[in-house]
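File shown: upload.pdb (PDB, C-alpha atoms).
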```
ATOM      1  CA  MET A 784       8.782 -16.003   6.375
ATOM      2  CA  ALA A 785       9.112 -15.714   2.642
ATOM      3  CA  LEU A 786       6.798 -13.262   0.954
ATOM      4  CA  ALA A 787       5.934 -13.807  -2.683
ATOM      5  CA  LEU A 788       7.053 -10.304  -3.605
ATOM      6  CA  HIS A 789       9.512  -8.125  -1.754
ATOM      7  CA  PRO A 790       7.474  -5.316  -0.126
ATOM      8  CA  LEU A 791      10.002  -2.645  -1.066
ATOM      9  CA  GLU A 792      10.228  -3.766  -4.682
ATOM     10  CA  GLN A 793       7.652  -1.115  -5.619
ATOM     11  CA  PHE A 794      10.217   1.600  -4.860
ATOM     12  CA  VAL A 795      12.905   0.283  -7.221
ATOM     13  CA  ILE A 796      13.827   2.793  -9.908
ATOM     14  CA  LYS A 797      13.857   1.128 -13.324
ATOM     15  CA  PRO A 798      15.270   2.859 -16.396
ATOM     16  CA  ILE A 799      12.789   2.972 -19.292
ATOM     17  CA  VAL A 800      14.952   4.813 -21.833
ATOM     18  CA  PRO A 801      18.625   4.273 -20.885
ATOM     19  CA  LEU A 802      20.665   7.385 -21.521
ATOM     20  CA  HIS A 803      24.204   8.256 -20.460
ATOM     21  CA  ILE A 804      25.971  11.582 -20.830
ATOM     22  CA  GLY A 805      29.619  10.899 -20.144
ATOM     23  CA  LYS A 806      29.606   8.986 -16.871
ATOM     24  CA  ILE A 807      26.378  10.535 -15.619
ATOM     25  CA  ASP A 808      23.288   8.348 -15.769
ATOM     26  CA  VAL A 809      20.383  10.484 -16.994
ATOM     27  CA  SER A 810      18.080   7.619 -18.016
ATOM     28  CA  PHE A 811      14.359   8.281 -18.300
ATOM     29  CA  THR A 812      13.088   6.168 -15.384
ATOM     30  CA  ASN A 813       9.689   5.092 -14.105
ATOM     31  CA  SER A 814      10.038   7.848 -11.502
ATOM     32  CA  ALA A 815      10.558  10.444 -14.222
ATOM     33  CA  LEU A 816       7.649   8.982 -16.190
ATOM     34  CA  LEU A 817       5.269   9.385 -13.230
ATOM     35  CA  MET A 818       6.509  12.945 -12.634
ATOM     36  CA  THR A 819       5.834  13.752 -16.283
ATOM     37  CA  ILE A 820       2.360  12.230 -16.057
ATOM     38  CA  ALA A 821       1.650  14.231 -12.874
ATOM     39  CA  VAL A 822       2.697  17.488 -14.528
ATOM     40  CA  LEU A 823       0.644  16.684 -17.659
ATOM     41  CA  VAL A 824      -2.454  15.879 -15.569
ATOM     42  CA  ILE A 825      -2.098  19.107 -13.557
ATOM     43  CA  ALA A 826      -1.563  21.142 -16.726
ATOM     44  CA  ALA A 827      -4.588  19.467 -18.347
ATOM     45  CA  ILE A 828      -6.816  20.273 -15.358
ATOM     46  CA  VAL A 829      -5.738  23.902 -15.230
ATOM     47  CA  ILE A 830      -5.665  24.525 -19.010
ATOM     48  CA  VAL A 831      -8.867  22.657 -19.899
ATOM     49  CA  GLY A 832     -10.539  24.061 -16.795
ATOM     50  CA  THR A 833      -9.904  27.653 -17.804
ATOM     51  CA  ARG A 834     -10.418  27.309 -21.549
ATOM     52  CA  ARG A 835     -14.140  28.010 -21.501
ATOM     53  CA  GLU A 836     -14.830  30.046 -18.401
ATOM     54  CA  GLU A 837     -18.460  29.396 -17.689
ATOM     55  CA  LEU A 838     -20.523  30.992 -14.945
ATOM     56  CA  VAL A 839     -21.740  27.564 -13.881
ATOM     57  CA  PRO A 840     -18.524  25.517 -13.895
ATOM     58  CA  GLY A 841     -18.328  22.030 -15.329
ATOM     59  CA  ARG A 842     -16.481  19.163 -13.658
ATOM     60  CA  ILE A 843     -12.927  20.027 -14.653
ATOM     61  CA  GLN A 844     -13.423  23.756 -14.232
ATOM     62  CA  SER A 845     -14.776  23.330 -10.705
ATOM     63  CA  LEU A 846     -11.838  21.034  -9.883
ATOM     64  CA  GLY A 847      -9.431  23.746 -10.984
ATOM     65  CA  GLU A 848     -11.374  26.464  -9.154
ATOM     66  CA  LEU A 849     -11.520  24.337  -5.994
ATOM     67  CA  ALA A 850      -7.740  23.857  -5.943
ATOM     68  CA  TYR A 851      -7.135  27.528  -6.778
ATOM     69  CA  GLU A 852      -9.407  28.841  -4.022
ATOM     70  CA  PHE A 853      -8.066  26.291  -1.534
ATOM     71  CA  ILE A 854      -4.480  27.472  -1.956
ATOM     72  CA  GLY A 855      -5.521  31.124  -2.210
ATOM     73  CA  ASN A 856      -7.388  30.922   1.116
ATOM     74  CA  MET A 857      -4.505  29.022   2.721
ATOM     75  CA  ILE A 858      -2.011  31.762   1.811
ATOM     76  CA  ASP A 859      -4.459  34.470   2.935
ATOM     77  CA  GLU A 860      -4.956  32.843   6.321
ATOM     78  CA  THR A 861      -1.309  32.073   7.051
ATOM     79  CA  VAL A 862       0.747  34.763   5.322
ATOM     80  CA  GLY A 863      -1.736  37.494   4.430
ATOM     81  CA  GLU A 864      -2.070  39.706   1.368
ATOM     82  CA  GLU A 865       1.698  39.961   0.938
ATOM     83  CA  GLY A 866       2.033  36.223   0.355
ATOM     84  CA  GLN A 867      -0.170  36.193  -2.749
ATOM     85  CA  GLN A 868       2.808  36.952  -5.004
ATOM     86  CA  TYR A 869       4.154  33.490  -4.119
ATOM     87  CA  PHE A 870       0.857  31.839  -5.078
ATOM     88  CA  PRO A 871       2.193  30.178  -8.286
ATOM     89  CA  PHE A 872       4.972  28.413  -6.426
ATOM     90  CA  VAL A 873       2.765  27.197  -3.570
ATOM     91  CA  PHE A 874       0.048  26.070  -5.997
ATOM     92  CA  SER A 875       2.520  24.102  -8.166
ATOM     93  CA  LEU A 876       4.080  22.547  -5.070
ATOM     94  CA  PHE A 877       0.709  21.433  -3.698
ATOM     95  CA  MET A 878      -0.551  20.013  -6.996
ATOM     96  CA  PHE A 879       2.743  18.227  -7.745
ATOM     97  CA  ILE A 880       2.856  16.493  -4.359
ATOM     98  CA  LEU A 881      -0.887  15.759  -4.351
ATOM     99  CA  PHE A 882      -0.818  14.105  -7.762
ATOM    100  CA  GLY A 883       2.451  12.338  -6.955
ATOM    101  CA  ASN A 884       0.776  10.788  -3.915
ATOM    102  CA  LEU A 885      -2.490   9.980  -5.681
ATOM    103  CA  LEU A 886      -0.913   8.513  -8.842
ATOM    104  CA  GLY A 887       1.251   6.351  -6.592
ATOM    105  CA  LEU A 888      -1.878   4.716  -5.176
ATOM    106  CA  ILE A 889      -2.834   3.270  -8.556
ATOM    107  CA  PRO A 890      -1.842  -0.440  -8.502
ATOM    108  CA  TYR A 891       1.415  -1.184 -10.372
ATOM    109  CA  GLY A 892       2.105   2.542 -10.341
ATOM    110  CA  TYR A 893       5.094   4.228  -8.814
ATOM    111  CA  THR A 894       5.282   6.720  -5.937
ATOM    112  CA  PHE A 895       7.963   9.282  -6.633
ATOM    113  CA  THR A 896       7.179  11.063  -3.349
ATOM    114  CA  GLY A 897       8.334   7.843  -1.660
ATOM    115  CA  GLN A 898      11.913   8.683  -2.653
ATOM    116  CA  ILE A 899      13.791  10.690  -0.037
ATOM    117  CA  ILE A 900      15.792  12.533  -2.693
ATOM    118  CA  VAL A 901      12.620  13.859  -4.385
ATOM    119  CA  THR A 902      11.044  15.113  -1.167
ATOM    120  CA  PHE A 903      14.358  16.466   0.065
ATOM    121  CA  ALA A 904      14.885  18.387  -3.162
ATOM    122  CA  LEU A 905      11.406  19.929  -2.811
ATOM    123  CA  ALA A 906      12.010  20.794   0.851
ATOM    124  CA  ALA A 907      15.457  22.208   0.086
ATOM    125  CA  VAL A 908      13.963  24.477  -2.590
ATOM    126  CA  VAL A 909      11.439  25.719  -0.021
ATOM    127  CA  PHE A 910      14.113  26.223   2.642
ATOM    128  CA  VAL A 911      16.623  28.036   0.435
ATOM    129  CA  GLY A 912      13.891  30.106  -1.222
ATOM    130  CA  VAL A 913      12.323  31.158   2.074
ATOM    131  CA  THR A 914      15.720  32.076   3.544
ATOM    132  CA  ILE A 915      16.568  34.181   0.485
ATOM    133  CA  ILE A 916      13.168  35.919   0.671
ATOM    134  CA  GLY A 917      13.749  36.662   4.368
ATOM    135  CA  ILE A 918      17.230  38.105   3.836
ATOM    136  CA  TRP A 919      16.128  40.016   0.743
ATOM    137  CA  LYS A 920      13.173  41.619   2.563
ATOM    138  CA  HIS A 921      14.802  42.363   5.914
ATOM    139  CA  GLY A 922      18.558  42.363   5.279
ATOM    140  CA  TRP A 923      20.606  41.816   8.427
ATOM    141  CA  HIS A 924      17.472  42.414  10.460
ATOM    142  CA  PHE A 925      16.439  38.862   9.445
ATOM    143  CA  LEU A 926      18.859  37.539  12.085
ATOM    144  CA  SER A 927      16.536  38.923  14.789
ATOM    145  CA  PHE A 928      14.309  35.983  13.840
ATOM    146  CA  PHE A 929      16.607  33.775  15.930
ATOM    147  CA  VAL A 930      16.373  36.007  19.007
ATOM    148  CA  PRO A 931      13.088  35.573  20.931
ATOM    149  CA  HIS A 932      11.561  38.775  22.306
ATOM    150  CA  GLY A 933      11.532  39.624  26.006
ATOM    151  CA  VAL A 934      13.978  36.953  27.135
ATOM    152  CA  PRO A 935      16.744  37.618  29.726
ATOM    153  CA  ILE A 936      20.191  37.850  28.136
ATOM    154  CA  VAL A 937      21.461  34.877  30.157
ATOM    155  CA  LEU A 938      18.844  32.626  28.580
ATOM    156  CA  LEU A 939      19.670  33.861  25.061
ATOM    157  CA  VAL A 940      22.930  31.904  25.181
ATOM    158  CA  LEU A 941      20.791  28.791  25.357
ATOM    159  CA  LEU A 942      17.843  29.862  23.211
ATOM    160  CA  VAL A 943      19.597  31.247  20.143
ATOM    161  CA  PRO A 944      21.347  27.944  19.280
ATOM    162  CA  ILE A 945      18.051  26.108  19.801
ATOM    163  CA  GLU A 946      16.195  28.520  17.508
ATOM    164  CA  LEU A 947      18.987  28.234  14.950
ATOM    165  CA  LEU A 948      18.918  24.423  15.108
ATOM    166  CA  SER A 949      15.133  24.284  14.788
ATOM    167  CA  TYR A 950      15.431  26.520  11.718
ATOM    168  CA  VAL A 951      18.190  24.521  10.030
ATOM    169  CA  ILE A 952      16.424  21.217  10.706
ATOM    170  CA  ARG A 953      13.283  22.318   8.814
ATOM    171  CA  PRO A 954      14.111  20.870   5.365
ATOM    172  CA  PHE A 955      14.893  17.517   6.972
ATOM    173  CA  THR A 956      11.674  17.241   8.991
ATOM    174  CA  LEU A 957       9.655  18.510   6.032
ATOM    175  CA  SER A 958      11.104  15.954   3.616
ATOM    176  CA  ILE A 959      11.271  12.986   6.002
ATOM    177  CA  ARG A 960       7.633  13.483   7.048
ATOM    178  CA  LEU A 961       6.358  13.086   3.482
ATOM    179  CA  PHE A 962       8.843  10.359   2.563
ATOM    180  CA  ALA A 963       8.212   8.240   5.684
ATOM    181  CA  ASN A 964       4.446   8.495   5.267
ATOM    182  CA  MET A 965       4.588   7.277   1.687
ATOM    183  CA  LEU A 966       7.195   4.577   2.401
ATOM    184  CA  ALA A 967       5.437   3.172   5.482
ATOM    185  CA  GLY A 968       1.950   3.309   3.955
ATOM    186  CA  HIS A 969       2.840   1.629   0.679
ATOM    187  CA  THR A 970       5.028  -0.980   2.394
ATOM    188  CA  MET A 971       2.136  -1.770   4.748
ATOM    189  CA  LEU A 972      -0.184  -2.263   1.759
ATOM    190  CA  ALA A 973       2.345  -4.581   0.120
ATOM    191  CA  ILE A 974       2.905  -6.611   3.315
ATOM    192  CA  PHE A 975      -0.794  -7.208   3.884
ATOM    193  CA  GLY A 976      -1.110  -8.038   0.192
ATOM    194  CA  GLY A 977       1.656 -10.622   0.684
ATOM    195  CA  PHE A 978      -0.243 -12.136   3.640
ATOM    196  CA  ALA A 979      -3.403 -12.342   1.552
ATOM    197  CA  ALA A 980      -1.563 -14.176  -1.210
ATOM    198  CA  SER A 981       0.220 -16.655   1.048
ATOM    199  CA  ILE A 982      -2.447 -18.013   3.444
ATOM    200  CA  GLY A 983      -5.200 -19.206   1.119
ATOM    201  CA  ILE A 984      -8.884 -18.748   1.993
ATOM    202  CA  LEU A 985      -8.017 -16.998   5.274
ATOM    203  CA  GLY A 986      -6.344 -14.387   3.085
ATOM    204  CA  LEU A 987      -9.716 -12.655   2.710
ATOM    205  CA  LEU A 988      -9.107 -11.155   6.167
ATOM    206  CA  PRO A 989      -5.860  -9.289   5.327
ATOM    207  CA  LEU A 990      -7.376  -8.443   1.941
ATOM    208  CA  GLY A 991     -10.286  -6.683   3.672
ATOM    209  CA  LEU A 992      -7.814  -4.924   5.947
ATOM    210  CA  ASP A 993      -5.872  -3.866   2.854
ATOM    211  CA  VAL A 994      -8.988  -2.211   1.449
ATOM    212  CA  LEU A 995      -9.433  -0.240   4.690
ATOM    213  CA  ILE A 996      -5.736   0.727   4.742
ATOM    214  CA  PHE A 997      -6.131   1.885   1.151
ATOM    215  CA  PHE A 998      -8.782   4.390   2.251
ATOM    216  CA  LEU A 999      -6.472   5.550   5.058
ATOM    217  CA  GLU A1000      -3.734   5.954   2.455
ATOM    218  CA  LEU A1001      -6.056   8.068   0.270
ATOM    219  CA  LEU A1002      -6.656  10.323   3.293
ATOM    220  CA  VAL A1003      -2.935  10.415   4.085
ATOM    221  CA  ALA A1004      -2.030  11.219   0.461
ATOM    222  CA  VAL A1005      -4.221  14.328   0.444
ATOM    223  CA  LEU A1006      -3.367  15.248   4.031
ATOM    224  CA  GLN A1007       0.397  15.062   3.557
ATOM    225  CA  ALA A1008       0.230  17.266   0.469
ATOM    226  CA  TYR A1009      -1.801  19.714   2.579
ATOM    227  CA  VAL A1010       0.663  19.523   5.484
ATOM    228  CA  PHE A1011       3.681  20.076   3.229
ATOM    229  CA  THR A1012       2.011  23.111   1.652
ATOM    230  CA  ILE A1013       0.735  24.693   4.862
ATOM    231  CA  LEU A1014       4.155  24.306   6.498
ATOM    232  CA  THR A1015       5.665  25.993   3.438
ATOM    233  CA  CYS A1016       3.170  28.836   3.956
ATOM    234  CA  LEU A1017       4.070  29.083   7.654
ATOM    235  CA  TYR A1018       7.788  29.234   6.837
ATOM    236  CA  LEU A1019       7.015  31.903   4.244
ATOM    237  CA  ASN A1020       5.101  33.803   6.922
ATOM    238  CA  ASP A1021       8.126  33.607   9.241
ATOM    239  CA  ALA A1022      10.347  35.040   6.515
ATOM    240  CA  ILE A1023       7.966  37.826   5.478
ATOM    241  CA  ASN A1024       6.564  38.914   8.849
ATOM    242  CA  LEU A1025       9.367  37.791  11.241
ATOM    243  CA  HIS A1026       7.364  36.254  14.136
TER
ATOM    244  CA  MET B 123      22.817 -13.436  19.266
ATOM    245  CA  ASP B 124      22.897 -13.814  15.516
ATOM    246  CA  LEU B 125      22.133 -11.023  13.062
ATOM    247  CA  ALA B 126      18.700 -12.301  11.959
ATOM    248  CA  SER B 127      17.250 -12.356  15.467
ATOM    249  CA  ALA B 128      18.861  -9.003  16.304
ATOM    250  CA  LYS B 129      17.109  -7.549  13.250
ATOM    251  CA  MET B 130      13.746  -8.903  14.386
ATOM    252  CA  ILE B 131      14.210  -7.499  17.893
ATOM    253  CA  GLY B 132      15.363  -4.165  16.502
ATOM    254  CA  ALA B 133      12.336  -3.904  14.231
ATOM    255  CA  GLY B 134      10.071  -4.683  17.177
ATOM    256  CA  ILE B 135      11.712  -2.020  19.305
ATOM    257  CA  ALA B 136      11.388   0.518  16.479
ATOM    258  CA  CYS B 137       7.621  -0.088  16.454
ATOM    259  CA  ILE B 138       7.375   1.286  20.024
ATOM    260  CA  ALA B 139       7.334   4.719  18.341
ATOM    261  CA  LEU B 140       3.732   3.972  17.355
ATOM    262  CA  VAL B 141       2.679   4.222  21.025
ATOM    263  CA  GLY B 142       3.316   7.957  20.900
ATOM    264  CA  ALA B 143       1.478   8.343  17.616
ATOM    265  CA  GLY B 144      -1.502   6.476  19.067
ATOM    266  CA  ILE B 145      -1.622   8.703  22.142
ATOM    267  CA  GLY B 146      -1.193  11.800  19.995
ATOM    268  CA  ILE B 147      -3.935  10.914  17.511
ATOM    269  CA  GLY B 148      -6.239   9.961  20.379
ATOM    270  CA  ASN B 149      -5.599  13.324  22.025
ATOM    271  CA  VAL B 150      -6.246  15.219  18.800
ATOM    272  CA  PHE B 151      -9.613  13.612  18.157
ATOM    273  CA  ALA B 152     -10.629  13.692  21.844
ATOM    274  CA  ALA B 153     -10.022  17.428  21.799
ATOM    275  CA  LEU B 154     -11.951  17.739  18.527
ATOM    276  CA  ILE B 155     -14.985  15.914  19.971
ATOM    277  CA  ASN B 156     -14.762  18.041  23.122
ATOM    278  CA  ALA B 157     -14.676  21.226  21.083
ATOM    279  CA  LEU B 158     -17.529  20.201  18.786
ATOM    280  CA  ALA B 159     -19.678  19.026  21.712
ATOM    281  CA  ARG B 160     -19.285  22.355  23.491
ATOM    282  CA  ASN B 161     -19.646  24.505  20.403
ATOM    283  CA  PRO B 162     -20.984  22.699  17.335
ATOM    284  CA  ALA B 163     -20.356  25.813  15.226
ATOM    285  CA  ALA B 164     -16.596  25.769  15.909
ATOM    286  CA  GLN B 165     -14.545  25.683  12.706
ATOM    287  CA  VAL B 166     -11.765  23.482  14.063
ATOM    288  CA  THR B 167     -11.947  20.317  11.959
ATOM    289  CA  PRO B 168      -9.194  21.353   9.472
ATOM    290  CA  PHE B 169      -6.829  22.006  12.386
ATOM    291  CA  ALA B 170      -7.702  18.630  13.859
ATOM    292  CA  PHE B 171      -6.718  16.910  10.622
ATOM    293  CA  LEU B 172      -3.520  18.931  10.449
ATOM    294  CA  GLY B 173      -2.738  17.769  13.998
ATOM    295  CA  PHE B 174      -3.641  14.207  13.046
ATOM    296  CA  ALA B 175      -1.230  14.262  10.109
ATOM    297  CA  LEU B 176       1.608  15.749  12.181
ATOM    298  CA  ALA B 177       1.093  13.261  15.032
ATOM    299  CA  GLU B 178       0.782  10.311  12.683
ATOM    300  CA  ALA B 179       3.978  11.235  10.846
ATOM    301  CA  THR B 180       6.098  10.923  14.000
ATOM    302  CA  GLY B 181       4.888   7.373  14.564
ATOM    303  CA  LEU B 182       5.457   6.472  10.935
ATOM    304  CA  PHE B 183       9.122   7.491  11.267
ATOM    305  CA  GLY B 184       9.485   4.537  13.640
ATOM    306  CA  LEU B 185       7.463   2.234  11.414
ATOM    307  CA  ALA B 186       9.557   3.213   8.374
ATOM    308  CA  ILE B 187      12.732   2.413  10.332
ATOM    309  CA  ALA B 188      11.254  -0.966  11.280
ATOM    310  CA  PHE B 189      10.493  -1.751   7.625
ATOM    311  CA  LEU B 190      13.963  -0.609   6.560
ATOM    312  CA  ILE B 191      15.567  -2.864   9.199
ATOM    313  CA  LEU B 192      13.447  -5.835   8.150
ATOM    314  CA  PHE B 193      13.587  -5.545   4.363
ATOM    315  CA  VAL B 194      16.637  -3.504   3.363
ATOM    316  CA  PHE B 195      19.545  -4.371   5.632
TER
END
```

Please, can you express the file's structure as structure tokens?
Amino acid sequence: MALALHPLEQFVIKPIVPLHIGKIDVSFTNSALLMTIAVLVIAAIVIVGTRREELVPGRIQSLGELAYEFIGNMIDETVGEEGQQYFPFVFSLFMFILFGNLLGLIPYGYTFTGQIIVTFALAAVVFVGVTIIGIWKHGWHFLSFFVPHGVPIVLLVLLVPIELLSYVIRPFTLSIRLFANMLAGHTMLAIFGGFAASIGILGLLPLGLDVLIFFLELLVAVLQAYVFTILTCLYLNDAINLH
Amino acid sequence: MDLASAKMIGAGIACIALVGAGIGIGNVFAALINALARNPAAQVTPFAFLGFALAEATGLFGLAIAFLILFVF
């Protein structure tokens, strides 16, 4: 079956301003453009929202306050008071992923969170950062994280490698979860869009389905940003409080 | 068996992963309804949506593989 447009075409990276330094391609691409737009939108919400601090907040101010309190409460519930010093990082991470997902849902837009390298870079930053925090706070004692309490020594031979593996695999599961959600969701939208275009008047059916899937994708976009952030908080909790 | 039909069969097999996601999501929301029916004041809805997202992601791994088989290779 030939679809009018290739469903994965939306993920192609196109250079907008070609730029080469030596042999390295550092072109300004559509992915970079969307990242810039996301950062500008986040900065606008936070800066405009806090410019005139009113007792009764306006639209943008309440949006900023909502996001701030949401992340603040999340860190309080998962990590505790000690985690608040990492608030800026967690807040930036959440807003960046959230707006990456939401901007990607605009038709003819581009989803940079649908690129495995972007999500993997984010997850790797979280993983390396959390490991450094753990070692910095607890020193060699951090290694006790891999040894479950109250387990017979015979079982430790089996359990320590499993704990170690489940720790090392974290950046991969974290990044693939976000990437696969975005890839599968947007491809599904494109495929049903292709059906709608190719079967004439009956195409209203897949078109209606597409509208419903779009709402699911809106939910997934917010939910996956939330999941990525709360898992970051849980990993942070592991590093700070060690089980 | 030629490559084109093997791809189709492979993509179909990859979609079996969605069975698990369906069972998982069903379990999550069944438990949520149970909890809310017994104690309407329970503050468990955010956890239910967290569980929904985690369960759904596992199924989408399979779906993403199916799409990659069909459209990339």

Give as a list in words every residue of chain B that touches chain A within 6 Å, counting only C-alpha atoms.
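Here they are: Ala179, Phe183 and Ala186 of chain B.
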
Work out how far apart CA of Leu885 (chain A) and CA of Ile825 (chain A) are and give it in Å to one decimal.
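Going from CA of Leu885 (chain A) over to CA of Ile825 (chain A) covers 12.1 Å.
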
Taking every listed atom of region 186-195 of chain B and adding 3 Å to each side, what centre and edge lengths in Å (one decimal) does the axis-aligned box have, as JSON?
```
{"center_x": 14.6, "center_y": -1.3, "center_z": 7.3, "size_x": 16.0, "size_y": 15.0, "size_z": 13.9}
```

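Nearest to Ala1004 (chain A) of all the residues B:Phe169, B:Ala164, B:Phe189, B:Ala175 is B:Ala175, counting only C-alpha atoms.
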
I would like the residues chosen by the PyMOL selection byres ((chain B and resi 127-143) around 12) on the shown file; could you give them as a PDB file with C-alpha atoms, in the frame of the given file?
```
ATOM      1  CA  MET A 784       8.782 -16.003   6.375  1.00  0.00           C
ATOM      2  CA  ALA A 967       5.437   3.172   5.482  1.00  0.00           C
TER       3      ALA A 967
ATOM      4  CA  MET B 123      22.817 -13.436  19.266  1.00  0.00           C
ATOM      5  CA  ASP B 124      22.897 -13.814  15.516  1.00  0.00           C
ATOM      6  CA  LEU B 125      22.133 -11.023  13.062  1.00  0.00           C
ATOM      7  CA  ALA B 126      18.700 -12.301  11.959  1.00  0.00           C
ATOM      8  CA  GLY B 144      -1.502   6.476  19.067  1.00  0.00           C
ATOM      9  CA  ILE B 145      -1.622   8.703  22.142  1.00  0.00           C
ATOM     10  CA  GLY B 146      -1.193  11.800  19.995  1.00  0.00           C
ATOM     11  CA  ILE B 147      -3.935  10.914  17.511  1.00  0.00           C
ATOM     12  CA  GLY B 148      -6.239   9.961  20.379  1.00  0.00           C
ATOM     13  CA  ASN B 149      -5.599  13.324  22.025  1.00  0.00           C
ATOM     14  CA  VAL B 150      -6.246  15.219  18.800  1.00  0.00           C
ATOM     15  CA  GLY B 173      -2.738  17.769  13.998  1.00  0.00           C
ATOM     16  CA  PHE B 174      -3.641  14.207  13.046  1.00  0.00           C
ATOM     17  CA  ALA B 175      -1.230  14.262  10.109  1.00  0.00           C
ATOM     18  CA  LEU B 176       1.608  15.749  12.181  1.00  0.00           C
ATOM     19  CA  ALA B 177       1.093  13.261  15.032  1.00  0.00           C
ATOM     20  CA  GLU B 178       0.782  10.311  12.683  1.00  0.00           C
ATOM     21  CA  ALA B 179       3.978  11.235  10.846  1.00  0.00           C
ATOM     22  CA  THR B 180       6.098  10.923  14.000  1.00  0.00           C
ATOM     23  CA  GLY B 181       4.888   7.373  14.564  1.00  0.00           C
ATOM     24  CA  LEU B 182       5.457   6.472  10.935  1.00  0.00           C
ATOM     25  CA  PHE B 183       9.122   7.491  11.267  1.00  0.00           C
ATOM     26  CA  GLY B 184       9.485   4.537  13.640  1.00  0.00           C
ATOM     27  CA  LEU B 185       7.463   2.234  11.414  1.00  0.00           C
ATOM     28  CA  ALA B 186       9.557   3.213   8.374  1.00  0.00           C
ATOM     29  CA  ILE B 187      12.732   2.413  10.332  1.00  0.00           C
ATOM     30  CA  ALA B 188      11.254  -0.966  11.280  1.00  0.00           C
ATOM     31  CA  PHE B 189      10.493  -1.751   7.625  1.00  0.00           C
ATOM     32  CA  LEU B 190      13.963  -0.609   6.560  1.00  0.00           C
ATOM     33  CA  ILE B 191      15.567  -2.864   9.199  1.00  0.00           C
ATOM     34  CA  LEU B 192      13.447  -5.835   8.150  1.00  0.00           C
ATOM     35  CA  PHE B 193      13.587  -5.545   4.363  1.00  0.00           C
ATOM     36  CA  VAL B 194      16.637  -3.504   3.363  1.00  0.00           C
ATOM     37  CA  PHE B 195      19.545  -4.371   5.632  1.00  0.00           C
TER      38      PHE B 195
END
```

Selection dump of the PyMOL selection byres ((chain A and resi 827-830) around 8), as a ChimeraX atom specification
/A:823-826,831-834,843-844,846-847

Distance query Phe928 (chain A) at most 9 Å, only C-alpha atoms, self and fewer than 4 positions along chain excluded, as a VMD selection string
chain A and resid 924 946 1021 to 1022 1025 to 1026

Exactly which residues make up the result of the PyMOL selection byres ((chain A and resi 876) around 10) on this file, given as a VMD selection string?
chain A and resid 870 to 875 877 to 881 905 909 1008 1011 to 1012 1015

Just how far from CA of Phe171 (chain B) is CA of Leu158 (chain B), in Å to one decimal?
13.9 Å

Record the distance separating CA of Leu939 (chain A) and CA of Val951 (chain A), expressed in Å with one decimal.
17.8 Å

Taking into account only C-alpha atoms, which residue in the set A:Val913, A:Leu888, A:Asn1020, A:Tyr893 is nearest to Thr812 (chain A)?
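Nearest candidate to Thr812 (chain A) out of A:Val913, A:Leu888, A:Asn1020, A:Tyr893: A:Tyr893.
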